[in-house]
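So this block is target.pdb, PDB, C-alpha atoms:
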```
ATOM      1  CA  MET Q  27       0.000   0.000   0.000
ATOM      2  CA  LEU Q  28       2.821   2.362   0.878
ATOM      3  CA  ALA Q  29       4.604   1.541  -2.406
ATOM      4  CA  LEU Q  30       1.460   2.312  -4.388
ATOM      5  CA  PHE Q  31       1.154   5.648  -2.612
ATOM      6  CA  GLY Q  32       4.810   6.415  -3.423
ATOM      7  CA  VAL Q  33       4.283   5.624  -7.121
ATOM      8  CA  LEU Q  34       1.190   7.869  -7.236
ATOM      9  CA  VAL Q  35       3.074  10.749  -5.612
ATOM     10  CA  LEU Q  36       5.953  10.248  -8.042
ATOM     11  CA  LEU Q  37       3.559  10.319 -11.019
ATOM     12  CA  ALA Q  38       1.830  13.408  -9.653
ATOM     13  CA  LEU Q  39       5.170  15.197  -9.359
ATOM     14  CA  MET Q  40       6.364  14.062 -12.793
ATOM     15  CA  ILE Q  41       3.441  15.682 -14.662
ATOM     16  CA  PRO Q  42       4.450  19.327 -13.955
ATOM     17  CA  ILE Q  43       8.146  18.530 -14.393
ATOM     18  CA  VAL Q  44       7.522  17.012 -17.833
ATOM     19  CA  ALA Q  45       5.319  19.982 -18.797
ATOM     20  CA  ILE Q  46       8.036  22.443 -17.762
ATOM     21  CA  VAL Q  47      10.729  20.557 -19.713
ATOM     22  CA  ILE Q  48       8.580  20.258 -22.854
ATOM     23  CA  ASP Q  49       7.738  23.981 -22.800
ATOM     24  CA  SER Q  50      11.353  25.014 -22.234
ATOM     25  CA  PRO Q  51      13.796  25.950 -25.036
ATOM     26  CA  VAL Q  52      15.561  22.631 -24.482
ATOM     27  CA  GLY Q  53      12.308  20.758 -25.020
ATOM     28  CA  ARG Q  54      11.585  22.734 -28.199
ATOM     29  CA  ALA Q  55      15.077  22.021 -29.509
ATOM     30  CA  LEU Q  56      14.594  18.329 -28.868
ATOM     31  CA  ALA Q  57      11.245  18.431 -30.684
ATOM     32  CA  ARG Q  58      12.826  20.133 -33.701
ATOM     33  CA  ARG Q  59      15.599  17.534 -33.739
ATOM     34  CA  LEU Q  60      13.017  14.740 -33.652
ATOM     35  CA  GLU Q  61      11.160  16.279 -36.613
ATOM     36  CA  GLY Q  62      14.226  15.772 -38.795
ATOM     37  CA  PRO Q  63      16.526  17.985 -40.829
ATOM     38  CA  ASP Q  64      14.317  18.043 -43.938
ATOM     39  CA  ARG Q  65      11.594  20.108 -42.270
ATOM     40  CA  SER Q  66      12.835  23.666 -42.587
ATOM     41  CA  PRO Q  67      10.622  26.743 -42.473
ATOM     42  CA  PRO Q  68       9.558  28.224 -45.815
ATOM     43  CA  GLU Q  69      11.267  31.515 -44.972
ATOM     44  CA  LEU Q  70      14.568  29.674 -44.698
ATOM     45  CA  ASN Q  71      14.049  28.025 -48.093
ATOM     46  CA  ALA Q  72      13.228  31.383 -49.705
ATOM     47  CA  LEU Q  73      16.306  32.950 -48.115
ATOM     48  CA  GLN Q  74      18.482  30.092 -49.368
ATOM     49  CA  GLN Q  75      17.174  30.568 -52.922
ATOM     50  CA  ARG Q  76      17.865  34.315 -52.767
ATOM     51  CA  ILE Q  77      21.406  33.648 -51.573
ATOM     52  CA  GLU Q  78      22.002  31.219 -54.440
ATOM     53  CA  VAL Q  79      20.754  33.812 -56.959
ATOM     54  CA  LEU Q  80      22.954  36.503 -55.421
ATOM     55  CA  GLU Q  81      25.992  34.193 -55.475
ATOM     56  CA  GLY Q  82      25.400  33.586 -59.189
ATOM     57  CA  GLU Q  83      25.143  37.301 -59.865
ATOM     58  CA  VAL Q  84      28.314  37.991 -57.892
ATOM     59  CA  GLY Q  85      30.110  35.370 -59.996
ATOM     60  CA  GLU Q  86      28.900  37.004 -63.211
ATOM     61  CA  LEU Q  87      29.973  40.440 -61.979
ATOM     62  CA  GLY Q  88      33.401  39.066 -61.069
ATOM     63  CA  ARG Q  89      33.846  37.698 -64.591
ATOM     64  CA  ALA Q  90      32.716  41.022 -66.077
ATOM     65  CA  VAL Q  91      35.170  42.958 -63.906
ATOM     66  CA  GLU Q  92      37.999  40.625 -64.938
ATOM     67  CA  SER Q  93      37.115  41.123 -68.598
ATOM     68  CA  LEU Q  94      37.075  44.908 -68.159
ATOM     69  CA  ARG Q  95      40.428  44.745 -66.353
ATOM     70  CA  GLU Q  96      41.979  42.831 -69.260
ATOM     71  CA  GLU Q  97      40.558  45.306 -71.786
ATOM     72  CA  ASN Q  98      41.881  48.211 -69.734
ATOM     73  CA  GLN Q  99      45.369  46.686 -69.570
ATOM     74  CA  PHE Q 100      45.361  46.178 -73.340
ATOM     75  CA  LEU Q 101      44.304  49.767 -73.989
ATOM     76  CA  GLN Q 102      46.884  51.092 -71.524
ATOM     77  CA  LYS Q 103      49.631  49.193 -73.334
ATOM     78  CA  LEU Q 104      48.484  50.634 -76.662
ATOM     79  CA  LEU Q 105      48.456  54.168 -75.292
ATOM     80  CA  GLU Q 106      51.848  53.863 -73.575
ATOM     81  CA  ASN Q 107      53.731  52.433 -76.536
ATOM     82  CA  PRO Q 108      52.947  54.329 -79.759
ATOM     83  CA  ALA Q 109      55.625  52.374 -81.655
ATOM     84  CA  SER Q 110      53.609  49.189 -81.281
ATOM     85  CA  ARG Q 111      50.721  50.708 -83.207
ATOM     86  CA  SER Q 112      50.553  49.549 -86.724
ATOM     87  CA  THR Q 113      50.712  52.311 -89.270
ATOM     88  CA  LEU Q 114      48.560  52.289 -92.307
ATOM     89  CA  PRO Q 115      50.249  52.285 -95.700
ATOM     90  CA  PRO Q 116      50.091  55.549 -97.561
ATOM     91  CA  PRO Q 117      47.096  55.964 -99.775
ATOM     92  CA  PRO Q 118      47.639  54.979-103.387
ATOM     93  CA  ALA Q 119      48.572  57.796-105.745
ATOM     94  CA  SER Q 120      45.871  58.565-108.214
TER      95      SER Q 120
END
```

Go ahead and render the structure in this file as structure tokens.
Amino acid sequence: MLALFGVLVLLALMIPIVAIVIDSPVGRALARRLEGPDRSPPELNALQQRIEVLEGEVGELGRAVESLREENQFLQKLLENPASRSTLPPPPAS
């Protein structure tokens, strides 16, 4: 009889303790972990897509800047060294 009373008291005390743990940040983190990694919020998916688009655009801009840098170097070399310019032949005499 005394053991049954002890078990009932233990169960009665466990109910609020379990409720407190489940409602705590630790309990919420455990619940999210149990849901699995494939359940992410839609806002996170939208943000990930925007980041991927921005990374692609940054890559394109980097290639464009490199191309402009090469063109600038070529033009600078032409302007600095007038002897390297090809001269046109004189016009034919009429």

Separation of atom CA of Q:Val52 from atom CA of Q:Ala72 in Å: 26.8 Å

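The two atoms in question, atom CA of Q:Glu81 and atom CA of Q:Asn98, are spaced 25.5 Å apart.
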
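Reported to one decimal place, the separation of atom CA of Q:Val44 from atom CA of Q:Leu60 is 16.9 Å.
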